[in-house]
$ cat final-v2.txt   # compact mmCIF, C-alpha atoms
# COMPACT_ATOMS: atom_id res chain seq x y z
CA MET A 793 0.00 0.00 0.00
CA PRO A 794 1.88 3.13 -1.15
CA THR A 795 1.87 6.18 1.10
CA GLU A 796 3.04 9.58 -0.14
CA THR A 797 3.03 13.18 0.99
CA ILE A 798 1.38 15.36 -1.64
CA PHE A 799 0.21 18.95 -1.86
CA PRO A 800 -3.48 19.66 -2.56
CA GLU A 801 -4.52 22.25 -5.11
CA TYR A 802 -6.66 24.86 -3.30
CA ASN A 803 -8.29 22.48 -0.78
CA ARG A 804 -8.65 19.51 -3.11
CA PHE A 805 -6.98 16.67 -4.90
CA LEU A 806 -8.12 14.18 -7.52
CA ILE A 807 -8.02 10.49 -8.21
CA GLY A 808 -7.66 10.36 -11.97
CA PRO A 809 -6.02 8.84 -15.03
CA PRO A 810 -2.67 9.89 -16.53
CA GLY A 811 -2.87 13.34 -18.08
CA CYS A 812 -5.64 14.46 -15.73
CA MET A 813 -4.99 18.01 -14.51
CA PRO A 814 -5.21 18.99 -10.83
CA GLY A 815 -7.90 21.27 -9.53
CA SER A 816 -11.45 21.20 -10.74
CA ALA A 817 -14.21 23.50 -11.88
CA ASP A 818 -16.64 21.48 -9.76
CA PRO A 819 -18.25 23.02 -6.66
CA PRO A 820 -17.34 21.67 -3.20
CA VAL A 821 -18.52 18.10 -2.74
CA ALA A 822 -22.04 17.53 -1.44
CA ASN A 823 -21.11 14.95 1.22
CA GLY A 824 -18.18 17.02 2.52
CA VAL A 825 -15.38 14.66 1.50
CA ALA A 826 -15.57 13.10 -2.01
CA GLU A 827 -17.66 12.73 -5.17
CA ALA A 828 -17.31 11.88 -8.83
CA ALA A 829 -15.91 14.89 -10.66
CA ARG A 830 -17.79 16.39 -13.59
CA ASP A 831 -14.65 18.23 -14.74
CA PRO A 832 -12.63 16.16 -15.51
CA ALA A 833 -15.07 13.31 -16.12
CA GLY A 834 -13.92 9.92 -14.89
CA ALA A 835 -12.08 11.32 -11.86
CA ALA A 836 -12.89 11.51 -8.15
CA LEU A 837 -12.72 14.87 -6.38
CA ILE A 838 -11.63 15.00 -2.72
CA ASP A 839 -12.03 18.21 -0.67
CA THR A 840 -9.45 18.82 2.06
CA GLY A 841 -9.13 21.01 5.13
CA VAL A 842 -5.71 22.38 4.11
CA LYS A 843 -5.38 24.75 1.18
CA ASP A 844 -1.90 23.88 -0.04
CA ASP A 845 0.11 22.44 2.86
CA PRO A 846 1.22 18.81 2.59
CA ILE A 847 -1.16 15.92 3.25
CA THR A 848 -0.48 12.22 3.61
CA VAL A 849 -2.28 9.86 1.23
CA THR A 850 -2.27 6.06 1.37
CA ALA A 851 -3.83 4.42 -1.68
CA GLU A 852 -4.41 0.89 -2.92
CA LEU A 853 -6.38 -1.26 -5.33
CA ALA A 854 -8.58 -4.03 -3.89
CA ASP A 855 -10.63 -6.85 -5.42
CA GLN A 856 -13.77 -5.94 -3.47
CA GLN A 857 -15.06 -3.47 -0.89
CA PRO A 858 -12.64 -3.59 2.03
CA ALA A 859 -13.38 -3.60 5.74
CA ILE A 860 -12.30 -0.35 7.38
CA ASP A 861 -11.78 0.68 10.99
CA ALA A 862 -14.31 3.52 11.07
CA GLN A 863 -13.14 4.62 14.53
CA ALA A 864 -9.77 5.63 13.07
CA TRP A 865 -11.27 8.20 10.64
CA GLU A 866 -13.40 11.37 10.91
CA ASP A 867 -15.03 11.23 7.48
CA ILE A 868 -15.63 8.21 5.25
CA ALA A 869 -17.46 8.05 1.93
CA ILE A 870 -17.68 5.56 -0.93
CA ILE A 871 -18.31 6.93 -4.40
CA GLY A 872 -18.57 5.42 -7.87
CA ILE A 873 -16.80 6.75 -10.95
CA ASP A 874 -16.83 5.75 -14.62
CA TRP A 875 -13.14 4.96 -15.02
CA PRO A 876 -11.78 5.84 -18.50
CA GLY A 877 -8.91 3.34 -18.26
CA GLY A 878 -5.24 3.48 -17.35
CA PRO A 879 -3.44 3.51 -14.01
CA MET A 880 -5.12 5.41 -11.17
CA GLN A 881 -3.21 8.34 -9.76
CA VAL A 882 -3.53 10.68 -6.79
CA ILE A 883 -3.16 14.13 -8.37
CA GLY A 884 -2.36 17.20 -6.30
CA ALA A 885 -0.94 20.64 -7.10
CA ASP A 886 0.77 20.91 -10.46
CA ASP A 887 3.38 23.42 -9.29
CA VAL A 888 4.61 21.81 -6.04
CA PRO A 889 6.31 18.43 -6.26
CA PRO A 890 5.62 15.79 -5.16
CA SER A 891 2.04 15.96 -6.34
CA LEU A 892 1.45 12.73 -8.23
CA MET A 893 1.23 9.14 -7.00
CA SER A 894 0.26 6.16 -9.18
CA PHE A 895 -1.26 3.33 -7.16
CA THR A 896 -2.76 0.84 -9.62
CA PRO A 897 -1.58 -0.99 -12.72
CA ASP A 898 -3.14 -0.15 -16.06
CA LEU A 899 -6.90 -0.74 -15.55
CA PRO A 900 -9.52 -1.25 -18.28
CA PRO A 901 -12.39 1.23 -18.59
CA GLY A 902 -15.35 0.48 -16.33
CA ARG A 903 -17.18 1.34 -13.17
CA MET A 904 -14.94 1.70 -10.09
CA MET A 905 -15.77 2.34 -6.46
CA ILE A 906 -13.52 4.63 -4.42
CA LEU A 907 -13.45 4.62 -0.61
CA VAL A 908 -12.14 7.90 0.80
CA ALA A 909 -11.41 8.20 4.52
CA GLY A 910 -9.97 11.39 6.03
CA ARG A 911 -8.76 12.61 9.41
CA ASN A 912 -7.19 15.73 10.94
CA ARG A 913 -9.27 17.91 8.61
CA ASP A 914 -10.21 20.53 11.25
CA HIS A 915 -6.84 22.13 12.00
CA GLY A 916 -6.96 25.00 9.51
CA GLU A 917 -6.05 25.74 5.91
CA ALA A 918 -2.45 26.74 6.66
CA ARG A 919 -0.67 24.51 9.16
CA GLY A 920 3.02 24.40 8.46
CA ASP A 921 4.58 22.37 11.27
CA LEU A 922 2.02 23.50 13.87
CA GLY A 923 -0.88 21.13 13.26
CA PRO A 924 -1.18 17.43 12.64
CA ALA A 925 -0.85 16.29 9.05
CA GLU A 926 -4.13 15.76 7.27
CA GLU A 927 -4.37 12.10 6.23
CA TYR A 928 -6.39 10.20 3.64
CA LEU A 929 -6.94 6.55 2.86
CA ILE A 930 -8.00 5.79 -0.72
CA ILE A 931 -9.08 2.27 -1.73
CA ALA A 932 -10.40 1.52 -5.22
CA TRP A 933 -12.10 -1.64 -6.51
CA PRO A 934 -14.28 -2.64 -9.47
CA GLY A 935 -17.97 -2.40 -8.68
CA ASP A 936 -21.24 -0.62 -9.28
CA GLU A 937 -22.84 0.04 -5.92
CA PRO A 938 -24.67 3.20 -4.83
CA ASP A 939 -22.60 5.98 -3.29
CA GLN A 940 -22.70 5.95 0.50
CA VAL A 941 -21.56 8.05 3.40
CA ILE A 942 -20.24 5.94 6.26
CA LYS A 943 -19.13 8.67 8.66
CA GLN A 944 -19.32 12.48 8.84
CA GLU A 945 -17.65 13.89 11.95
CA SER A 946 -15.25 16.66 10.92
CA LEU A 947 -16.24 20.31 11.18
CA GLN A 948 -14.52 20.87 7.83
CA GLY A 949 -16.82 18.34 6.19
CA ALA A 950 -19.83 20.08 7.79
CA ARG A 951 -18.63 23.47 6.44
CA ILE A 952 -18.22 22.02 2.95
CA ARG A 953 -21.71 20.46 3.05
CA GLN A 954 -23.26 23.72 4.29
CA TYR A 955 -21.51 25.78 1.62
CA ARG A 956 -22.65 23.35 -1.10
CA GLN A 957 -26.26 23.42 0.15
CA LYS A 958 -26.32 27.24 0.05
CA ARG A 959 -24.73 27.27 -3.40
CA ASP A 960 -27.21 24.71 -4.75
CA ALA A 961 -30.14 26.63 -3.23
CA LYS A 962 -29.01 29.87 -4.92
CA ALA A 963 -28.60 28.04 -8.22
CA ALA A 964 -32.12 26.57 -7.88
CA GLU A 965 -33.58 30.03 -7.17
CA GLY A 966 -31.93 31.36 -10.34
CA ARG A 967 -33.55 28.60 -12.40
CA SER A 968 -37.06 29.15 -11.02

$ encode --input "final-v2.txt" --output "structure tokens"
Amino acid sequence: MPTETIFPEYNRFLIGPPGCMPGSADPPVANGVAEAARDPAGAALIDTGVKDDPITVTAELADQQPAIDAQAWEDIAIIGIDWPGGPMQVIGADDVPPSLMSFTPDLPPGRMMILVAGRNRDHGEARGDLGPAEEYLIIAWPGDEPDQVIKQESLQGARIRQYRQKRDAKAAEGRS
């Protein structure tokens, strides 16, 4: 299971194929931690608590949905993405190395499930050496189950969900 320190791109990183660019035009994620990205399609978008300080990411490929120690994490979600094919990569900031970590072999196109678990998300956007490192566990496997939220405990996740709800409400008012 590879573990790397990467730098997020403005409070987010992606799980995507080779050539996928960091960042995203998508709004903050509805469940506060992760969702399938619309831009770029075929990627997973993960919102973080830190803006551009380093985070620790552990990622692996599994054959099926893994068991996870929910007590060890603040936020846990499982999302589905339509994988375009190729090796999966954790993609962070494009201007601060290291920001790229491959964690699967070349995969065929198809539906993939991504478990995202995060902790230490509530210690501020800029931490330096003062706060604990924000950590993520990413596990991918082939499957086509419904998205699910397993745990939502961080204040950062709650802020992201609240912001998204307000944004969606304003967008709905503009369409009425």

$ residues_around --input "final-v2.txt" --residues "region 943-956 of chain A" --least-positions-apart "6" --cutoff "8 Å" --atoms "all atoms listed in the file" --output "PyMOL selection string"
chain A and resi 819-825+840-841+862+866-869+911+913-914

$ write_last_selection --input "final-v2.txt" --atoms "C-alpha atoms" --output "compact mmCIF listing (two decimals), in the frame of the given file"
# COMPACT_ATOMS: atom_id res chain seq x y z
CA PRO A 819 -18.25 23.02 -6.66
CA PRO A 820 -17.34 21.67 -3.20
CA VAL A 821 -18.52 18.10 -2.74
CA ALA A 822 -22.04 17.53 -1.44
CA ASN A 823 -21.11 14.95 1.22
CA GLY A 824 -18.18 17.02 2.52
CA VAL A 825 -15.38 14.66 1.50
CA THR A 840 -9.45 18.82 2.06
CA GLY A 841 -9.13 21.01 5.13
CA ALA A 862 -14.31 3.52 11.07
CA GLU A 866 -13.40 11.37 10.91
CA ASP A 867 -15.03 11.23 7.48
CA ILE A 868 -15.63 8.21 5.25
CA ALA A 869 -17.46 8.05 1.93
CA ARG A 911 -8.76 12.61 9.41
CA ARG A 913 -9.27 17.91 8.61
CA ASP A 914 -10.21 20.53 11.25

$ residues_near_point --input "final-v2.txt" --point "(-5.9, -1.7, -16.7)" --cutoff "12 Å" --atoms "only C-alpha atoms" --output "NGL selection string"
:A and (809 or 853 or 875-880 or 895-902 or 904 or 933-934)

$ residues_around --input "final-v2.txt" --residues "region 915-932 of chain A" --least-positions-apart "2" --cutoff "8 Å" --atoms "all atoms listed in the file" --output "JSON, numbers by chain"
{"A": [803, 841, 842, 843, 844, 845, 846, 847, 848, 849, 850, 851, 852, 853, 854, 858, 904, 905, 906, 907, 908, 909, 910, 911, 912, 913, 934]}

$ closest_residue --input "final-v2.txt" --among "A:Pro794, A:Glu827, A:Cys812, A:Ala864" --to "Asp886 (chain A)" --atoms "only C-alpha atoms"
A:Cys812

$ closest_residue --input "final-v2.txt" --among "A:Ser894, A:Gly815, A:Asp939, A:Gln857" --to "Ala828 (chain A)" --atoms "all atoms listed in the file"
A:Asp939

$ atom_distance --input "final-v2.txt" --atom1 "CA of Gly935 (chain A)" --atom2 "CA of Ile870 (chain A)"
11.1 Å

$ atom_distance --input "final-v2.txt" --atom1 "CA of Pro938 (chain A)" --atom2 "CA of Asp855 (chain A)"
17.3 Å

$ atom_distance --input "final-v2.txt" --atom1 "CA of Glu801 (chain A)" --atom2 "CA of Asp818 (chain A)"
13.0 Å

$ residues_around --input "final-v2.txt" --residues "Met813 (chain A)" --least-positions-apart "2" --cutoff "10 Å" --atoms "all atoms listed in the file" --output "list of chain:residue names"
A:Phe805, A:Leu806, A:Gly808, A:Pro809, A:Pro810, A:Gly811, A:Gly815, A:Ser816, A:Asp831, A:Pro832, A:Ile883, A:Gly884, A:Ala885, A:Asp886

$ closest_residue --input "final-v2.txt" --among "A:Gln863, A:Tyr802, A:Gly966, A:Leu892" --to "Asp839 (chain A)" --atoms "only C-alpha atoms"
A:Tyr802

$ closest_residue --input "final-v2.txt" --among "A:Ile807, A:Arg967, A:Ala826, A:Pro814" --to "Val888 (chain A)" --atoms "all atoms listed in the file"
A:Pro814

$ closest_residue --input "final-v2.txt" --among "A:Ile873, A:Phe799, A:Asp960, A:Leu837" --to "Ala817 (chain A)" --atoms "all atoms listed in the file"
A:Leu837

$ axis_aligned_box --input "final-v2.txt" --around "region 821-827 of chain A" --padding-each-side "4 Å" --output "JSON"
{"center_x": -18.7, "center_y": 15.4, "center_z": -1.3, "size_x": 14.7, "size_y": 13.4, "size_z": 15.7}

$ build_atoms --input "final-v2.txt" --residues "region 849-878 of chain A" --atoms "N, CA and C atoms" --output "tab-separated table (two decimals), in the frame of the given file"
chain	number	residue	atom	x	y	z
A	849	VAL	N	-1.29	10.69	1.92
A	849	VAL	CA	-2.28	9.86	1.23
A	849	VAL	C	-1.74	8.44	1.12
A	850	THR	N	-2.55	7.48	1.56
A	850	THR	CA	-2.27	6.06	1.37
A	850	THR	C	-3.32	5.55	0.40
A	851	ALA	N	-2.89	4.85	-0.65
A	851	ALA	CA	-3.83	4.42	-1.68
A	851	ALA	C	-3.52	3.00	-2.12
A	852	GLU	N	-4.59	2.26	-2.45
A	852	GLU	CA	-4.41	0.89	-2.92
A	852	GLU	C	-5.59	0.45	-3.77
A	853	LEU	N	-5.35	-0.60	-4.52
A	853	LEU	CA	-6.38	-1.26	-5.33
A	853	LEU	C	-6.78	-2.54	-4.61
A	854	ALA	N	-8.07	-2.81	-4.52
A	854	ALA	CA	-8.58	-4.03	-3.89
A	854	ALA	C	-9.46	-4.78	-4.89
A	855	ASP	N	-9.75	-6.05	-4.58
A	855	ASP	CA	-10.63	-6.85	-5.42
A	855	ASP	C	-12.10	-6.59	-5.14
A	856	GLN	N	-12.38	-6.17	-3.90
A	856	GLN	CA	-13.77	-5.94	-3.47
A	856	GLN	C	-13.77	-4.90	-2.37
A	857	GLN	N	-14.97	-4.48	-1.94
A	857	GLN	CA	-15.06	-3.47	-0.89
A	857	GLN	C	-14.34	-3.97	0.36
A	858	PRO	N	-13.41	-3.17	0.87
A	858	PRO	CA	-12.64	-3.59	2.03
A	858	PRO	C	-13.36	-3.27	3.35
A	859	ALA	N	-12.97	-3.97	4.38
A	859	ALA	CA	-13.38	-3.60	5.74
A	859	ALA	C	-12.50	-2.43	6.16
A	860	ILE	N	-13.06	-1.51	6.93
A	860	ILE	CA	-12.30	-0.35	7.38
A	860	ILE	C	-12.61	-0.09	8.84
A	861	ASP	N	-11.61	0.31	9.59
A	861	ASP	CA	-11.78	0.68	10.99
A	861	ASP	C	-12.35	2.09	11.03
A	862	ALA	N	-13.65	2.22	11.11
A	862	ALA	CA	-14.31	3.52	11.07
A	862	ALA	C	-13.91	4.41	12.25
A	863	GLN	N	-13.53	3.82	13.36
A	863	GLN	CA	-13.14	4.62	14.53
A	863	GLN	C	-11.86	5.41	14.27
A	864	ALA	N	-11.04	4.98	13.33
A	864	ALA	CA	-9.77	5.63	13.07
A	864	ALA	C	-9.89	6.87	12.17
A	865	TRP	N	-11.09	7.12	11.62
A	865	TRP	CA	-11.27	8.20	10.64
A	865	TRP	C	-12.40	9.12	11.06
A	866	GLU	N	-12.34	10.40	10.63
A	866	GLU	CA	-13.40	11.37	10.91
A	866	GLU	C	-14.50	11.35	9.85
A	867	ASP	N	-14.10	11.20	8.59
A	867	ASP	CA	-15.03	11.23	7.48
A	867	ASP	C	-14.74	10.05	6.56
A	868	ILE	N	-15.80	9.34	6.15
A	868	ILE	CA	-15.63	8.21	5.25
A	868	ILE	C	-16.79	8.21	4.25
A	869	ALA	N	-16.45	8.14	2.98
A	869	ALA	CA	-17.46	8.05	1.93
A	869	ALA	C	-16.99	7.06	0.87
A	870	ILE	N	-17.96	6.43	0.21
A	870	ILE	CA	-17.68	5.56	-0.93
A	870	ILE	C	-18.43	6.13	-2.12
A	871	ILE	N	-17.70	6.36	-3.20
A	871	ILE	CA	-18.31	6.93	-4.40
A	871	ILE	C	-17.98	6.06	-5.61
A	872	GLY	N	-18.82	6.13	-6.62
A	872	GLY	CA	-18.57	5.42	-7.87
A	872	GLY	C	-18.14	6.39	-8.96
A	873	ILE	N	-17.21	5.94	-9.80
A	873	ILE	CA	-16.80	6.75	-10.95
A	873	ILE	C	-16.77	5.85	-12.19
A	874	ASP	N	-16.95	6.46	-13.34
A	874	ASP	CA	-16.83	5.75	-14.62
A	874	ASP	C	-15.39	5.90	-15.08
A	875	TRP	N	-14.57	4.89	-14.76
A	875	TRP	CA	-13.14	4.96	-15.02
A	875	TRP	C	-12.86	4.88	-16.51
A	876	PRO	N	-12.07	5.84	-17.07
A	876	PRO	CA	-11.78	5.84	-18.50
A	876	PRO	C	-10.69	4.86	-18.92
A	877	GLY	N	-10.00	4.27	-17.97
A	877	GLY	CA	-8.91	3.34	-18.26
A	877	GLY	C	-7.56	3.93	-17.94
A	878	GLY	N	-6.60	3.05	-17.69
A	878	GLY	CA	-5.24	3.48	-17.35
A	878	GLY	C	-4.97	3.31	-15.87
